[in-house]
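Here's work08.cif, which has mmCIF, C-alpha atoms:
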```
data_start
#
loop_
_atom_site.group_PDB
_atom_site.id
_atom_site.type_symbol
_atom_site.label_atom_id
_atom_site.label_comp_id
_atom_site.auth_asym_id
_atom_site.auth_seq_id
_atom_site.Cartn_x
_atom_site.Cartn_y
_atom_site.Cartn_z
ATOM 1 C CA MET V 1 0.000 0.000 0.000
ATOM 2 C CA ASN V 2 1.509 3.328 -0.992
ATOM 3 C CA VAL V 3 1.331 6.505 1.094
ATOM 4 C CA SER V 4 -1.616 8.080 -0.759
ATOM 5 C CA GLU V 5 -3.737 4.910 -0.382
ATOM 6 C CA ARG V 6 -2.928 4.782 3.331
ATOM 7 C CA LEU V 7 -3.900 8.458 3.757
ATOM 8 C CA GLU V 8 -7.227 7.907 1.994
ATOM 9 C CA THR V 9 -7.955 4.925 4.236
ATOM 10 C CA GLU V 10 -7.158 6.909 7.385
ATOM 11 C CA GLU V 11 -9.358 9.812 6.265
ATOM 12 C CA ASP V 12 -12.247 7.434 5.606
ATOM 13 C CA LEU V 13 -12.172 6.499 9.290
ATOM 14 C CA LEU V 14 -12.755 10.026 10.646
ATOM 15 C CA THR V 15 -15.941 10.737 12.567
ATOM 16 C CA CYS V 16 -18.528 12.321 10.267
ATOM 17 C CA LEU V 17 -21.496 14.518 11.157
ATOM 18 C CA HIS V 18 -24.305 14.222 8.619
ATOM 19 C CA ILE V 19 -26.404 17.380 8.902
ATOM 20 C CA LYS V 20 -29.670 17.357 6.970
ATOM 21 C CA PHE V 21 -31.623 20.631 6.779
ATOM 22 C CA TYR V 22 -35.316 21.285 6.302
ATOM 23 C CA HIS V 23 -37.448 24.437 6.165
ATOM 24 C CA PRO V 24 -41.070 24.489 4.937
ATOM 25 C CA LYS V 25 -40.261 27.305 2.452
ATOM 26 C CA GLN V 26 -36.891 25.964 1.277
ATOM 27 C CA HIS V 27 -38.144 25.417 -2.279
ATOM 28 C CA THR V 28 -39.028 29.085 -2.790
ATOM 29 C CA GLN V 29 -36.191 30.692 -0.806
ATOM 30 C CA GLY V 30 -32.417 30.421 -1.240
ATOM 31 C CA PHE V 31 -31.707 29.629 2.423
ATOM 32 C CA TYR V 32 -29.052 27.023 1.631
ATOM 33 C CA SER V 33 -27.452 28.628 -1.413
ATOM 34 C CA LEU V 34 -24.134 29.215 0.405
ATOM 35 C CA LEU V 35 -23.897 25.727 1.912
ATOM 36 C CA PRO V 36 -21.516 23.193 0.341
ATOM 37 C CA LEU V 37 -24.116 20.446 -0.093
ATOM 38 C CA ASP V 38 -23.570 16.755 -0.864
ATOM 39 C CA ASN V 39 -19.814 16.674 -0.193
ATOM 40 C CA ARG V 40 -17.797 15.745 2.863
ATOM 41 C CA HIS V 41 -15.742 18.565 4.288
ATOM 42 C CA LYS V 42 -12.952 18.226 6.809
ATOM 43 C CA HIS V 43 -13.270 20.438 9.891
ATOM 44 C CA SER V 44 -10.699 21.028 12.604
ATOM 45 C CA ALA V 45 -11.832 19.604 15.962
ATOM 46 C CA ASP V 46 -10.403 22.556 17.898
ATOM 47 C CA MET V 47 -12.678 25.058 16.120
ATOM 48 C CA PRO V 48 -16.450 25.169 16.729
ATOM 49 C CA LEU V 49 -18.680 24.572 13.752
ATOM 50 C CA LEU V 50 -20.799 27.765 13.541
ATOM 51 C CA LEU V 51 -24.171 28.073 11.869
ATOM 52 C CA GLY V 52 -25.910 31.416 11.328
ATOM 53 C CA ARG V 53 -26.369 34.200 8.788
ATOM 54 C CA ASP V 54 -22.953 35.912 9.216
ATOM 55 C CA VAL V 55 -21.013 34.887 6.109
ATOM 56 C CA GLN V 56 -17.720 36.204 7.533
ATOM 57 C CA VAL V 57 -17.876 34.251 10.811
ATOM 58 C CA CYS V 58 -20.045 31.176 10.294
ATOM 59 C CA THR V 59 -18.704 27.906 8.947
ATOM 60 C CA PHE V 60 -22.074 27.248 7.325
ATOM 61 C CA PRO V 61 -24.086 30.420 6.606
ATOM 62 C CA ILE V 62 -27.847 30.383 6.115
ATOM 63 C CA VAL V 63 -29.271 33.110 3.876
ATOM 64 C CA ASP V 64 -32.159 34.313 6.029
ATOM 65 C CA ARG V 65 -32.302 37.691 7.789
ATOM 66 C CA ARG V 66 -34.421 36.178 10.593
ATOM 67 C CA VAL V 67 -31.630 33.788 11.597
ATOM 68 C CA SER V 68 -29.187 35.159 14.201
ATOM 69 C CA ARG V 69 -25.733 36.193 13.041
ATOM 70 C CA LYS V 70 -24.453 33.237 15.043
ATOM 71 C CA GLN V 71 -27.344 30.848 15.678
ATOM 72 C CA LEU V 72 -25.635 27.770 17.076
ATOM 73 C CA ALA V 73 -22.270 26.096 17.527
ATOM 74 C CA VAL V 74 -21.221 22.464 17.497
ATOM 75 C CA HIS V 75 -18.136 21.724 19.597
ATOM 76 C CA ALA V 76 -16.081 18.517 19.342
ATOM 77 C CA TYR V 77 -14.417 16.925 22.364
ATOM 78 C CA ARG V 78 -13.094 13.636 23.713
ATOM 79 C CA MET V 79 -13.448 12.054 27.116
ATOM 80 C CA PRO V 80 -10.207 10.868 28.788
ATOM 81 C CA GLU V 81 -9.123 7.452 27.544
ATOM 82 C CA SER V 82 -12.024 7.225 25.068
ATOM 83 C CA PRO V 83 -11.363 6.732 21.353
ATOM 84 C CA ASP V 84 -14.691 8.334 20.368
ATOM 85 C CA MET V 85 -15.233 11.943 19.381
ATOM 86 C CA GLN V 86 -18.249 13.505 21.075
ATOM 87 C CA PHE V 87 -20.138 16.708 20.255
ATOM 88 C CA THR V 88 -22.089 19.362 22.102
ATOM 89 C CA LEU V 89 -24.516 21.814 20.566
ATOM 90 C CA GLN V 90 -24.711 25.342 21.982
ATOM 91 C CA ASN V 91 -27.385 27.990 21.384
ATOM 92 C CA LEU V 92 -25.715 31.308 20.447
ATOM 93 C CA SER V 93 -28.954 33.192 19.761
ATOM 94 C CA LYS V 94 -30.312 35.658 22.318
ATOM 95 C CA THR V 95 -33.719 35.722 20.615
ATOM 96 C CA ALA V 96 -34.518 32.134 19.599
ATOM 97 C CA LYS V 97 -34.499 28.934 21.599
ATOM 98 C CA VAL V 98 -32.846 25.893 20.073
ATOM 99 C CA TYR V 99 -34.396 22.500 20.698
ATOM 100 C CA VAL V 100 -32.338 19.312 20.645
ATOM 101 C CA ASN V 101 -34.697 16.337 20.692
ATOM 102 C CA SER V 102 -36.818 17.280 23.735
ATOM 103 C CA SER V 103 -34.345 19.683 25.408
ATOM 104 C CA ALA V 104 -34.856 23.449 25.039
ATOM 105 C CA LEU V 105 -31.680 25.533 25.076
ATOM 106 C CA ASP V 106 -31.637 29.203 26.006
ATOM 107 C CA PHE V 107 -28.792 31.582 25.127
ATOM 108 C CA LEU V 108 -25.341 29.994 25.725
ATOM 109 C CA GLU V 109 -26.761 26.716 27.040
ATOM 110 C CA ARG V 110 -25.346 23.479 25.616
ATOM 111 C CA VAL V 111 -26.270 19.843 25.442
ATOM 112 C CA ASP V 112 -24.392 16.703 24.430
ATOM 113 C CA LEU V 113 -25.470 15.457 21.021
ATOM 114 C CA PRO V 114 -26.561 11.820 20.886
ATOM 115 C CA SER V 115 -25.662 9.759 17.822
ATOM 116 C CA LYS V 116 -28.907 10.957 16.204
ATOM 117 C CA ALA V 117 -30.508 14.298 17.093
ATOM 118 C CA LEU V 118 -33.394 16.389 15.846
ATOM 119 C CA VAL V 119 -32.438 20.076 16.176
ATOM 120 C CA ARG V 120 -35.042 22.816 15.734
ATOM 121 C CA PHE V 121 -34.951 26.622 15.822
ATOM 122 C CA MET V 122 -37.551 28.977 14.376
ATOM 123 C CA GLN V 123 -38.944 27.067 11.354
ATOM 124 C CA TYR V 124 -35.658 25.282 10.696
ATOM 125 C CA GLU V 125 -35.215 21.610 11.432
ATOM 126 C CA MET V 126 -31.987 19.656 11.211
ATOM 127 C CA LEU V 127 -31.350 15.974 11.552
ATOM 128 C CA ILE V 128 -27.797 15.412 12.818
ATOM 129 C CA ILE V 129 -26.444 11.885 12.608
ATOM 130 C CA LYS V 130 -22.987 11.012 13.915
ATOM 131 C CA GLU V 131 -21.117 8.368 11.952
ATOM 132 C CA THR V 132 -18.512 7.012 14.348
ATOM 133 C CA GLY V 133 -14.888 7.044 13.308
ATOM 134 C CA GLU V 134 -11.504 7.715 14.781
ATOM 135 C CA ALA V 135 -11.202 10.791 16.971
ATOM 136 C CA LYS V 136 -8.294 12.668 15.486
ATOM 137 C CA GLY V 137 -7.574 16.367 15.177
ATOM 138 C CA SER V 138 -10.447 16.762 12.726
ATOM 139 C CA PHE V 139 -13.798 15.343 11.715
ATOM 140 C CA GLU V 140 -15.885 15.448 8.575
ATOM 141 C CA VAL V 141 -19.184 17.182 7.915
ATOM 142 C CA GLU V 142 -21.637 16.301 5.164
ATOM 143 C CA LEU V 143 -24.563 18.655 4.506
ATOM 144 C CA ASP V 144 -27.780 17.817 2.707
ATOM 145 C CA VAL V 145 -31.335 19.177 2.322
ATOM 146 C CA LEU V 146 -34.299 16.950 3.162
ATOM 147 C CA LEU V 147 -37.421 16.948 0.999
ATOM 148 C CA ALA V 148 -39.688 16.164 3.974
ATOM 149 C CA PRO V 149 -39.537 17.312 7.594
ATOM 150 C CA PRO V 150 -36.861 15.385 9.507
ATOM 151 C CA LEU V 151 -39.328 14.321 12.173
ATOM 152 C CA GLU V 152 -40.913 12.064 9.544
ATOM 153 C CA THR V 153 -37.459 10.745 8.603
ATOM 154 C CA PHE V 154 -36.506 10.423 12.269
ATOM 155 C CA LEU V 155 -39.628 8.383 13.069
ATOM 156 C CA CYS V 156 -39.705 6.303 9.878
ATOM 157 C CA GLU V 157 -36.185 4.909 10.033
ATOM 158 C CA PRO V 158 -35.944 1.273 11.094
ATOM 159 C CA SER V 159 -35.585 0.741 14.804
ATOM 160 C CA THR V 160 -32.537 -0.985 16.239
ATOM 161 C CA VAL V 161 -34.410 -1.817 19.443
ATOM 162 C CA PRO V 162 -35.199 -5.554 19.624
ATOM 163 C CA VAL V 163 -38.811 -6.702 19.702
ATOM 164 C CA MET V 164 -39.672 -9.445 22.173
ATOM 165 C CA ASP V 165 -41.826 -12.464 21.280
ATOM 166 C CA THR V 166 -44.711 -10.833 23.149
ATOM 167 C CA GLY V 167 -44.797 -8.121 20.498
ATOM 168 C CA SER V 168 -44.049 -5.343 22.963
ATOM 169 C CA GLN V 169 -40.985 -3.264 22.376
ATOM 170 C CA LEU V 170 -38.311 -2.684 24.989
ATOM 171 C CA THR V 171 -36.752 0.734 25.058
ATOM 172 C CA PRO V 172 -33.657 1.791 26.988
ATOM 173 C CA GLN V 173 -35.951 3.560 29.502
ATOM 174 C CA THR V 174 -38.167 0.493 30.061
ATOM 175 C CA GLU V 175 -37.192 -2.212 32.493
ATOM 176 C CA PHE V 176 -38.228 -5.768 31.792
ATOM 177 C CA GLN V 177 -40.864 -6.651 34.397
ATOM 178 C CA GLY V 178 -41.093 -10.383 33.652
ATOM 179 C CA PRO V 179 -43.470 -12.285 31.380
ATOM 180 C CA LEU V 180 -46.727 -10.636 30.389
ATOM 181 C CA GLU V 181 -48.575 -13.972 30.682
ATOM 182 C CA THR V 182 -48.159 -16.994 32.912
ATOM 183 C CA ASP V 183 -48.830 -20.591 32.063
ATOM 184 C CA ASP V 184 -50.944 -22.193 34.811
ATOM 185 C CA LEU V 185 -49.530 -25.618 33.967
ATOM 186 C CA PHE V 186 -46.132 -24.731 35.409
ATOM 187 C CA LEU V 187 -47.298 -23.037 38.627
#
```
Using the file provided, produce a representation of the structure as structure tokens.
Amino acid sequence: MNVSERLETEEDLLTCLHIKFYHPKQHTQGFYSLLPLDNRHKHSADMPLLLGRDVQVCTFPIVDRRVSRKQLAVHAYRMPESPDMQFTLQNLSKTAKVYVNSSALDFLERVDLPSKALVRFMQYEMLIIKETGEAKGSFEVELDVLLAPPLETFLCEPSTVPVMDTGSQLTPQTEFQGPLETDDLFL
């Protein structure tokens, strides 16, 4: 394997954030005209990923005067002795709350991003999916625009939670309470 092949292989292993945008008026407005869509972009882990309308400051500018100059930031970090890169999302807007799944963030508040998160502010919705890779000095970002609201995508994706023979579904928050039925023959 030559050096260039080895470098490509190592880059393929970087953590990637897939950020998928949706706005109900995205087909008639040019909100995403400045975003580099459908390509992976390398981003330094020591710099926050900024989203907002300020073209000079934001990593990914949105063309909408109602969006704050700096709307939100995504920060990368690692826990001691963990190989995984983690992310937090911070609300930088003084006027608009940012919602991450069911958590509401006021100005300067942050929350850890799970591997899949639904982020909402104003009429914007974003589905952020973390593709695990090696935590190095950088990570990749891939931007896309959804044709339908991400909540539909979020709810319609196949579940990875196992289904028991009883037909009920266990979730991480649910404890198994024992069988739902008993067989009188064995009592």
Contacts of Arg110 (chain V) at 9 Å or less, counting all atoms listed in the file, minus same-chain residues fewer than 2 places along, as an MDAnalysis selection string? chainID V and resid 88:91 105:108 112
May I have the centre and edge lengths, in Å to one decimal, of an axis-aligned box around the listed atoms of region 125-135 of chain V with 3 Å added to every side, as JSON?
```
{"center_x": -23.2, "center_y": 14.3, "center_z": 14.1, "size_x": 30.0, "size_y": 20.6, "size_z": 11.8}
```
Suppose a student applies the PyMOL selection byres ((chain V and resi 145) around 10) to this structure; what residues should they get, written as a ChimeraX atom specification? /V:19-23,26,32,35,37-38,126-127,143-144,146-150
With C-alpha atoms retained, write the just-selected residues as a compact mmCIF listing (two decimals), in the frame of the given file.
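Below you can see out20.txt, which holds the result:
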```txt
# COMPACT_ATOMS: atom_id res chain seq x y z
CA ILE V 19 -26.40 17.38 8.90
CA LYS V 20 -29.67 17.36 6.97
CA PHE V 21 -31.62 20.63 6.78
CA TYR V 22 -35.32 21.28 6.30
CA HIS V 23 -37.45 24.44 6.16
CA GLN V 26 -36.89 25.96 1.28
CA TYR V 32 -29.05 27.02 1.63
CA LEU V 35 -23.90 25.73 1.91
CA LEU V 37 -24.12 20.45 -0.09
CA ASP V 38 -23.57 16.76 -0.86
CA MET V 126 -31.99 19.66 11.21
CA LEU V 127 -31.35 15.97 11.55
CA LEU V 143 -24.56 18.66 4.51
CA ASP V 144 -27.78 17.82 2.71
CA LEU V 146 -34.30 16.95 3.16
CA LEU V 147 -37.42 16.95 1.00
CA ALA V 148 -39.69 16.16 3.97
CA PRO V 149 -39.54 17.31 7.59
CA PRO V 150 -36.86 15.38 9.51
```
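This file, queried with the PyMOL selection byres ((chain V and resi 16) around 7), gives the residues V:Leu14, V:Thr15, V:Leu17, V:His18, V:Lys130, V:Glu131, V:Thr132, V:Phe139, V:Glu140, V:Val141.
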Expected file contents, prior selection, C-alpha atoms, as a tab-separated table (two decimals), keeping the file's coordinate frame:
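Once written, out_23.tsv looks like this:
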```tsv
chain	number	residue	atom	x	y	z
V	14	LEU	CA	-12.76	10.03	10.65
V	15	THR	CA	-15.94	10.74	12.57
V	17	LEU	CA	-21.50	14.52	11.16
V	18	HIS	CA	-24.30	14.22	8.62
V	130	LYS	CA	-22.99	11.01	13.92
V	131	GLU	CA	-21.12	8.37	11.95
V	132	THR	CA	-18.51	7.01	14.35
V	139	PHE	CA	-13.80	15.34	11.72
V	140	GLU	CA	-15.88	15.45	8.57
V	141	VAL	CA	-19.18	17.18	7.92
```
Hits of the PyMOL selection byres ((chain V and resi 52) around 10) in this structure, as a short mmCIF file (atom, residue, chain, number, x, y, z; two decimals) with C-alpha atoms, keeping the file's coordinate frame:
```cif
data_model
loop_
_atom_site.label_atom_id
_atom_site.label_comp_id
_atom_site.auth_asym_id
_atom_site.auth_seq_id
_atom_site.Cartn_x
_atom_site.Cartn_y
_atom_site.Cartn_z
CA LEU V 50 -20.80 27.76 13.54
CA LEU V 51 -24.17 28.07 11.87
CA ARG V 53 -26.37 34.20 8.79
CA ASP V 54 -22.95 35.91 9.22
CA VAL V 55 -21.01 34.89 6.11
CA VAL V 57 -17.88 34.25 10.81
CA CYS V 58 -20.05 31.18 10.29
CA THR V 59 -18.70 27.91 8.95
CA PHE V 60 -22.07 27.25 7.32
CA PRO V 61 -24.09 30.42 6.61
CA ILE V 62 -27.85 30.38 6.12
CA VAL V 63 -29.27 33.11 3.88
CA ASP V 64 -32.16 34.31 6.03
CA ARG V 65 -32.30 37.69 7.79
CA ARG V 66 -34.42 36.18 10.59
CA VAL V 67 -31.63 33.79 11.60
CA SER V 68 -29.19 35.16 14.20
CA ARG V 69 -25.73 36.19 13.04
CA LYS V 70 -24.45 33.24 15.04
CA GLN V 71 -27.34 30.85 15.68
CA LEU V 72 -25.64 27.77 17.08
CA ALA V 73 -22.27 26.10 17.53
CA LEU V 92 -25.72 31.31 20.45
CA SER V 93 -28.95 33.19 19.76
#
```
Residue nearest Arg40 (chain V) - candidates V:His75, V:Glu142, V:Ala117, V:Lys136, atoms counted: only C-alpha atoms: V:Glu142
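Across the model, the gap from CA of Ile128 (chain V) to CA of Met85 (chain V) is 14.6 Å.
For the pair CA of Phe87 (chain V) and CA of Leu151 (chain V), the separation is 21.0 Å.
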Can you work out which one of V:Asn39, V:Ser82, V:Ser138, V:Ser115 has the shortest atom-to-atom distance to Asn101 (chain V), counting all atoms listed in the file? V:Ser115
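Picture a line from CA of Phe31 (chain V) to CA of Lys94 (chain V); it runs 20.8 Å.
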Which residue, V:Pro114, V:Glu81, V:Gln56, V:Val74, has the smallest gap to Ser44 (chain V) when you use only C-alpha atoms? V:Val74
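Among V:Pro48, V:Tyr124, V:Ile129, V:Pro36, the residue with the shortest atom-to-atom distance to Ala96 (chain V), counting only C-alpha atoms, is V:Tyr124.
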Out of V:Glu134, V:Ala76, V:Ala45, V:Gly30, which residue has the shortest atom-to-atom distance to Leu113 (chain V) when counting all atoms listed in the file? V:Ala76
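The neighbours of Tyr99 (chain V) here are the residues that come within 8 Å of it, using all atoms listed in the file and leaving out any residue fewer than 2 positions away in the same chain; they are V:Lys97, V:Asn101, V:Ser102, V:Ser103, V:Ala104, V:Leu105, V:Leu118, V:Val119, V:Arg120, V:Phe121.
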